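**Student:** First, the structure itself, so that you have it in front of you.
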Amino acid sequence: MKRQFKFVFGFLALAVCFQASNAQAKLNVVATTSDIGALVREVAGDDANVTTIAKGSQDPHFLEAKPSFMVKLRDADLLVANGLSLEIGWLPSLTRGARNPKVNPGGSGYLDLGALIDPIDKPTETLTRAMGDVHPDGNPHFTLDPERNAELSLKIAERLGQLDLAHKDAYQKRALAFKSRIDSKMKDWKARLEKTGIKEVITYHPSLNYFLSRFSIKAPVNLELKPGVPPSAQHILDVIAVARTNKIKLILVDNFFDTKIADRVAKEAPGTRVASVGIAVESKPDLKTLDDVTEQLVRTFEGK
Ligand SMILES: [Zn+2]
C-alpha cells in the first residue's frame with residue numbers, strides 16, 4: 001500500500017512538473033523579414049520568442065540562405081512568411097534544410113500572410129522568375145500599408161492563440177490595441193500627406209505602392225524597367241520625360257539602392273528632389289517599429 005502511494009505520488013509530482021515546464025515554454029516564432037517580425041511582436045508581446053531572418057537593410061527579394069537560418073527554423077513552432085513570392089529565392093531551401101515539417105507550407109506552424117490579402121499590381125500576363133520580374137504574384141510589399149498590417153495582426157493573434165491557448169486572450173487583446181492605435185494614427189498621417197499637396201511621385205522599385213495607394217498618391221512610373229530589373233538608358237530618358245511633364249516633386253529610393261540614377265533624373269527635371277528612405281523596420285537605426293517607418297515616409301513628403 002505504502003509503495004503504491006509512493007508510486008502515485010511520484011507520478012503526480014512528475015505530471016505537475018511537466019505541466020509547469022509546459023506553461024513556461026514560450027512559443028518560438030520565426031518571421032521572414034524585419035517587418036513581419038515587428039508585426040508579430042505587436043501581437044506576441046513577451047508571451048512568445050520572435051526572431052527574424054532578413055534584415056531591414058537588405059533587399060528581401062535576394063538573400064543568402066545561411067545555415068544559421070535553418071537552425072532558427074529547426075526549433076520554430078511557427079514560421080510567419082510574407083509570401084507573394086517575396087522569399088521564393090531563399091525560403092524554400094531553408095525550410096527544406098530545417099527538417100521541421102511543422103513550418104512547411106500546409107503545416108500547423110506555417111502562416112503565409114500574403115495569402116490572406118488581396119494583392120495589388122497583379123500582372124496581366126503569366127510571368128516566371130526567369131523573365132526577371134520579381135513580382136509574379138502581385139506586389140508583395142504590403143507591410144508598408146498600416147491598415148493591412150492592422151487587419152493581419154488579428155490573423156496572427158488567431159494562429160498564435162491556436163498554438164498557445166494559455167495566451168489566446170492576450171494575443172487578441174494586443175492585436176485589437178494595435179488596430180485601434182493604427183486607426184487613430186491614420187487620421188494624422190492622412191491629414192499631413194494631404195497638406196503636402198504631393199499627388200504623384202516616382203519610386204525606384206514598387207516597394208511603396210501599398211503605402212501610396214492607401215494615401216491616394218500615384219506613381220506613374222518606376223525607375224526600374226520592371227520589378228527587379230535595372231533601367232535601360234532609354235527607360236531613364238522616359239522617366240525624365242514623365243518627371244518633367246507631370247512636374248514630379250519627389251523621387252523615393254529604397255535605402256539599399258544607389259540614388260545615382262534618381263539624382264540624374266532630378267538634375268534633368270527641375271523642382272524634383274530625391275530622398276533615400278527606409279522601407280522596412282530596422283532599415284535605419286531609428287526605425288524600430290512599423291509606425292516609425294510610416295512616420296519617416298510622411299516626414300519625407302513633408303520635406304523634414
Ligand atoms: Zn519587390
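Every chain in the C-alpha cells has a letter given in the order shown (A, B, ...), and although residue numbers restart at 1 in each chain, ligands are simply numbered from 1 in the order shown.
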Taking a cut-off of 8 Å and counting only C-alpha atoms, can you build a table that, for each residue of range 109-216 of chain A near range 30-54 of chain A, reports the nearest atom pair and how far apart they are in Å (one decimal), sorted by chain then residue number, as CSV?
**Tutor:**
```
residue,atom,partner,partner_atom,distance
A:Thr143,CA,A:Asp35,CA,6.6
A:Asn149,CA,A:Leu39,CA,7.1
A:Ser153,CA,A:Val43,CA,6.5
A:Ile156,CA,A:Val40,CA,6.8
A:Ala157,CA,A:Val43,CA,6.1
A:Leu160,CA,A:Ala44,CA,7.8
A:His167,CA,A:Asp47,CA,7.1
A:Tyr171,CA,A:Val43,CA,5.3
A:Gln172,CA,A:Val43,CA,7.4
A:Arg174,CA,A:Val43,CA,5.1
A:Ala175,CA,A:Val43,CA,5.1
A:Phe178,CA,A:Glu42,CA,6.8
```
**Student:** Report as number ranges by chain: the residues of range 62-91 of chain A with a DSSP assignment of alpha helix (DSSP H), based on the backbone of this structure.
**Tutor:** A: 67-74, 91
**Student:** Smallest atom-to-atom distance to Ala280 in chain A: which of A:Asp145, A:Asp118, A:Glu158, A:Glu64, using only C-alpha atoms?
**Tutor:**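 Looking only at the distances to Ala280 in chain A, the closest residue turns out to be A:Asp145.
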**Student:** Give me the residues near range 231-243 of chain A as an MDAnalysis selection string, where near means some atom within 10 Å (using only C-alpha atoms) and where sequence neighbours in that chain fewer than 2 positions away do not count.
**Tutor:** chainID A and resid 200:202 204 220:226 228:229 245:251 261:262 264:272
**Student:** Those residues with N, CA and C atoms, as an mmCIF file, in the first residue's frame please?
**Tutor:**
```cif
data_model
loop_
_atom_site.group_PDB
_atom_site.id
_atom_site.type_symbol
_atom_site.label_atom_id
_atom_site.label_comp_id
_atom_site.auth_asym_id
_atom_site.auth_seq_id
_atom_site.Cartn_x
_atom_site.Cartn_y
_atom_site.Cartn_z
ATOM 1 N N GLU A 200 1.715 62.836 -56.840
ATOM 2 C CA GLU A 200 2.434 61.881 -57.686
ATOM 3 C C GLU A 200 3.904 61.860 -57.305
ATOM 4 N N VAL A 201 4.479 60.660 -57.248
ATOM 5 C CA VAL A 201 5.919 60.537 -57.001
ATOM 6 C C VAL A 201 6.474 59.485 -57.955
ATOM 7 N N ILE A 202 7.802 59.407 -57.999
ATOM 8 C CA ILE A 202 8.450 58.311 -58.730
ATOM 9 C C ILE A 202 9.220 57.510 -57.685
ATOM 10 N N TYR A 204 11.933 53.979 -57.035
ATOM 11 C CA TYR A 204 12.884 53.133 -57.762
ATOM 12 C C TYR A 204 12.241 51.783 -58.064
ATOM 13 N N PRO A 220 3.372 57.141 -61.376
ATOM 14 C CA PRO A 220 3.131 56.858 -62.795
ATOM 15 C C PRO A 220 4.212 55.999 -63.445
ATOM 16 N N VAL A 221 5.398 55.970 -62.844
ATOM 17 C CA VAL A 221 6.486 55.196 -63.437
ATOM 18 C C VAL A 221 7.495 54.819 -62.343
ATOM 19 N N ASN A 222 8.201 53.717 -62.549
ATOM 20 C CA ASN A 222 9.288 53.338 -61.639
ATOM 21 C C ASN A 222 10.609 53.528 -62.357
ATOM 22 N N LEU A 223 11.678 53.728 -61.587
ATOM 23 C CA LEU A 223 12.992 53.812 -62.218
ATOM 24 C C LEU A 223 13.413 52.460 -62.779
ATOM 25 N N GLU A 224 13.062 51.389 -62.098
ATOM 26 C CA GLU A 224 13.344 50.059 -62.646
ATOM 27 C C GLU A 224 12.488 49.854 -63.904
ATOM 28 N N LEU A 225 13.035 49.069 -64.816
ATOM 29 C CA LEU A 225 12.310 48.755 -66.045
ATOM 30 C C LEU A 225 11.083 47.920 -65.707
ATOM 31 N N LYS A 226 11.294 46.893 -64.897
ATOM 32 C CA LYS A 226 10.226 46.148 -64.235
ATOM 33 C C LYS A 226 10.781 45.666 -62.896
ATOM 34 N N GLY A 228 12.739 44.406 -60.157
ATOM 35 C CA GLY A 228 13.945 43.574 -60.109
ATOM 36 C C GLY A 228 14.878 43.769 -61.290
ATOM 37 N N VAL A 229 14.439 44.557 -62.284
ATOM 38 C CA VAL A 229 15.272 44.752 -63.486
ATOM 39 C C VAL A 229 15.718 46.221 -63.574
ATOM 40 N N THR A 245 7.004 66.371 -67.448
ATOM 41 C CA THR A 245 5.609 66.592 -67.842
ATOM 42 C C THR A 245 4.684 66.643 -66.627
ATOM 43 N N ASN A 246 4.868 65.685 -65.705
ATOM 44 C CA ASN A 246 3.954 65.591 -64.555
ATOM 45 C C ASN A 246 4.398 66.468 -63.382
ATOM 46 N N LYS A 247 5.491 67.217 -63.602
ATOM 47 C CA LYS A 247 6.036 68.082 -62.533
ATOM 48 C C LYS A 247 6.185 67.323 -61.202
ATOM 49 N N ILE A 248 6.890 66.191 -61.293
ATOM 50 C CA ILE A 248 7.108 65.336 -60.119
ATOM 51 C C ILE A 248 8.017 66.060 -59.127
ATOM 52 N N LYS A 249 7.586 66.126 -57.867
ATOM 53 C CA LYS A 249 8.379 66.836 -56.854
ATOM 54 C C LYS A 249 9.327 65.922 -56.093
ATOM 55 N N LEU A 250 8.992 64.604 -56.070
ATOM 56 C CA LEU A 250 9.734 63.717 -55.174
ATOM 57 C C LEU A 250 10.028 62.361 -55.818
ATOM 58 N N ILE A 251 11.303 61.946 -55.727
ATOM 59 C CA ILE A 251 11.692 60.588 -56.153
ATOM 60 C C ILE A 251 12.170 59.843 -54.914
ATOM 61 N N ILE A 261 20.950 57.069 -60.245
ATOM 62 C CA ILE A 261 20.042 57.240 -61.395
ATOM 63 C C ILE A 261 18.947 58.257 -61.043
ATOM 64 N N ALA A 262 18.429 58.156 -59.821
ATOM 65 C CA ALA A 262 17.404 59.123 -59.386
ATOM 66 C C ALA A 262 17.971 60.542 -59.406
ATOM 67 N N ARG A 264 20.250 61.680 -61.337
ATOM 68 C CA ARG A 264 20.365 62.110 -62.734
ATOM 69 C C ARG A 264 19.011 62.620 -63.251
ATOM 70 N N VAL A 265 17.940 61.885 -62.900
ATOM 71 C CA VAL A 265 16.591 62.302 -63.312
ATOM 72 C C VAL A 265 16.264 63.673 -62.701
ATOM 73 N N ALA A 266 16.572 63.818 -61.410
ATOM 74 C CA ALA A 266 16.254 65.068 -60.707
ATOM 75 C C ALA A 266 17.010 66.250 -61.322
ATOM 76 N N LYS A 267 18.237 66.003 -61.784
ATOM 77 C CA LYS A 267 19.051 67.054 -62.403
ATOM 78 C C LYS A 267 18.410 67.543 -63.703
ATOM 79 N N GLU A 268 17.775 66.601 -64.402
ATOM 80 C CA GLU A 268 17.150 66.925 -65.699
ATOM 81 C C GLU A 268 15.721 67.450 -65.553
ATOM 82 N N ALA A 269 15.154 67.290 -64.369
ATOM 83 C CA ALA A 269 13.766 67.720 -64.147
ATOM 84 C C ALA A 269 13.718 68.697 -62.981
ATOM 85 N N PRO A 270 13.797 69.996 -63.283
ATOM 86 C CA PRO A 270 13.858 70.992 -62.213
ATOM 87 C C PRO A 270 12.667 70.886 -61.250
ATOM 88 N N GLY A 271 12.944 71.111 -59.979
ATOM 89 C CA GLY A 271 11.876 71.061 -58.977
ATOM 90 C C GLY A 271 11.665 69.673 -58.380
ATOM 91 N N THR A 272 12.482 68.711 -58.835
ATOM 92 C CA THR A 272 12.351 67.346 -58.302
ATOM 93 C C THR A 272 13.445 67.085 -57.284
#
```
**Student:** Nearest residue to ligand 1 out of A:Thr289, A:Ser207, A:Ser283, A:Thr300, using only C-alpha atoms and all ligand atoms?
**Tutor:**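 That would be A:Ser207, the residue with the smallest distance to ligand 1.
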**Student:** Which is closest to ligand 1 among A:Ala81, A:Lys72, A:Lys173, A:Thr203, if we use only C-alpha atoms and all ligand atoms?
**Tutor:**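 Using only C-alpha atoms and all ligand atoms, the shortest distance to ligand 1 belongs to A:Thr203.
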**Student:** Wanna dump the chain A-ligand 1 contacts at 9 Å for me, each residue with its shortest atom pair and the distance in Å to one decimal, counting only C-alpha atoms and all ligand atoms, ordered by chain and number, as CSV?
**Tutor:**
```
residue,atom,partner,partner_atom_place_in_ligand_line,distance
A:Asp59,CA,ligand 1,1 (Zn),8.4
A:Pro60,CA,ligand 1,1 (Zn),7.8
A:His61,CA,ligand 1,1 (Zn),6.5
A:Leu86,CA,ligand 1,1 (Zn),6.9
A:Asp133,CA,ligand 1,1 (Zn),8.9
A:Val134,CA,ligand 1,1 (Zn),6.2
A:His135,CA,ligand 1,1 (Zn),6.1
A:Asn139,CA,ligand 1,1 (Zn),6.6
A:Pro140,CA,ligand 1,1 (Zn),6.3
A:His141,CA,ligand 1,1 (Zn),6.3
A:His205,CA,ligand 1,1 (Zn),6.5
A:Pro206,CA,ligand 1,1 (Zn),6.2
A:Ser207,CA,ligand 1,1 (Zn),5.5
A:Pro227,CA,ligand 1,1 (Zn),6.0
A:Gly228,CA,ligand 1,1 (Zn),6.9
```
**Student:** Could you tell me how far CA of Leu111 in chain A lies from CA of Val80 in chain A, in Å and to one decimal?
**Tutor:**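 Separation between CA of Leu111 in chain A and CA of Val80 in chain A: 4.8 Å.
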**Student:** Based on the backbone DSSP call, show me all residues of range 14-140 of chain A assigned strand (DSSP E or B), as a list in words.
**Tutor:**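 Selecting the strand (DSSP E or B) positions of range 14-140 of chain A gives Leu27, Asn28, Val29, Val30, Ala31, Thr32, Thr33, Ala48, Asn49, Val50, Thr51, Thr52, Ile53, Ala54, Leu78, Leu79, Val80, Ala81, Tyr110, Leu111, Asp112, Pro136 and Gly138 of chain A.
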**Student:** Figure out the distance between CA of Phe256 in chain A and CA of Gly278 in chain A, please, to one decimal in Å.
**Tutor:**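 Atom-to-atom, CA of Gly278 in chain A and CA of Phe256 in chain A are spaced 8.2 Å apart.
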**Student:** Check the smallest atom-to-atom distance from each of A:Arg244, A:Met70, A:Asp137, A:Leu113 to Asn82 in chain A using only C-alpha atoms, then report the winner.
**Tutor:**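 Closest to Asn82 in chain A of all the choices is A:Leu113.
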**Student:** Please, what distance in Å, to one decimal, runs between CA of Leu79 in chain A and CA of Met131 in chain A?
**Tutor:**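 Computed distance, CA of Leu79 in chain A to CA of Met131 in chain A, equals 28.9 Å.
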**Student:** Residues near Pro136 in chain A, anyone? I mean within 9 Å using only C-alpha atoms, not counting same-chain ones fewer than 2 positions away, as a PyMOL selection string.
**Tutor:** chain A and resi 84-85+122-123+126-129+133-134+138-139
**Student:** Write out as a list in words the residues lying within 7 Å of range 179-194 of chain A, counting only C-alpha atoms and excluding same-chain residues fewer than 5 positions away.
**Tutor:**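 Close residues of range 179-194 of chain A: Pro146, Ala150, Phe215, Val298 and Phe301 of chain A.
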**Student:** Produce a file of the selected residues containing C-alpha atoms, as a compact mmCIF listing (two decimals), in the first residue's frame.
**Tutor:**
```
# COMPACT_ATOMS: atom_id res chain seq x y z
CA PRO A 146 -0.66 50.36 -41.96
CA ALA A 150 -3.73 46.05 -38.61
CA PHE A 215 -2.94 57.63 -49.21
CA VAL A 298 5.23 61.03 -44.06
CA PHE A 301 6.85 64.02 -48.05
```
**Student:** Determine the nearest neighbour of Glu295 in chain A from the options A:Lys66, A:Gln58, A:Phe211, A:Ile120, counting only C-alpha atoms.
**Tutor:**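 Among the listed residues, A:Phe211 lies closest to Glu295 in chain A.
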**Student:** Let me make sure I understand: among A:Gly197, A:Pro285, A:Pro101, A:Gly161, which one has the smallest atom-to-atom distance to Ile217 in chain A if we use only C-alpha atoms?
**Tutor:** A:Gly197
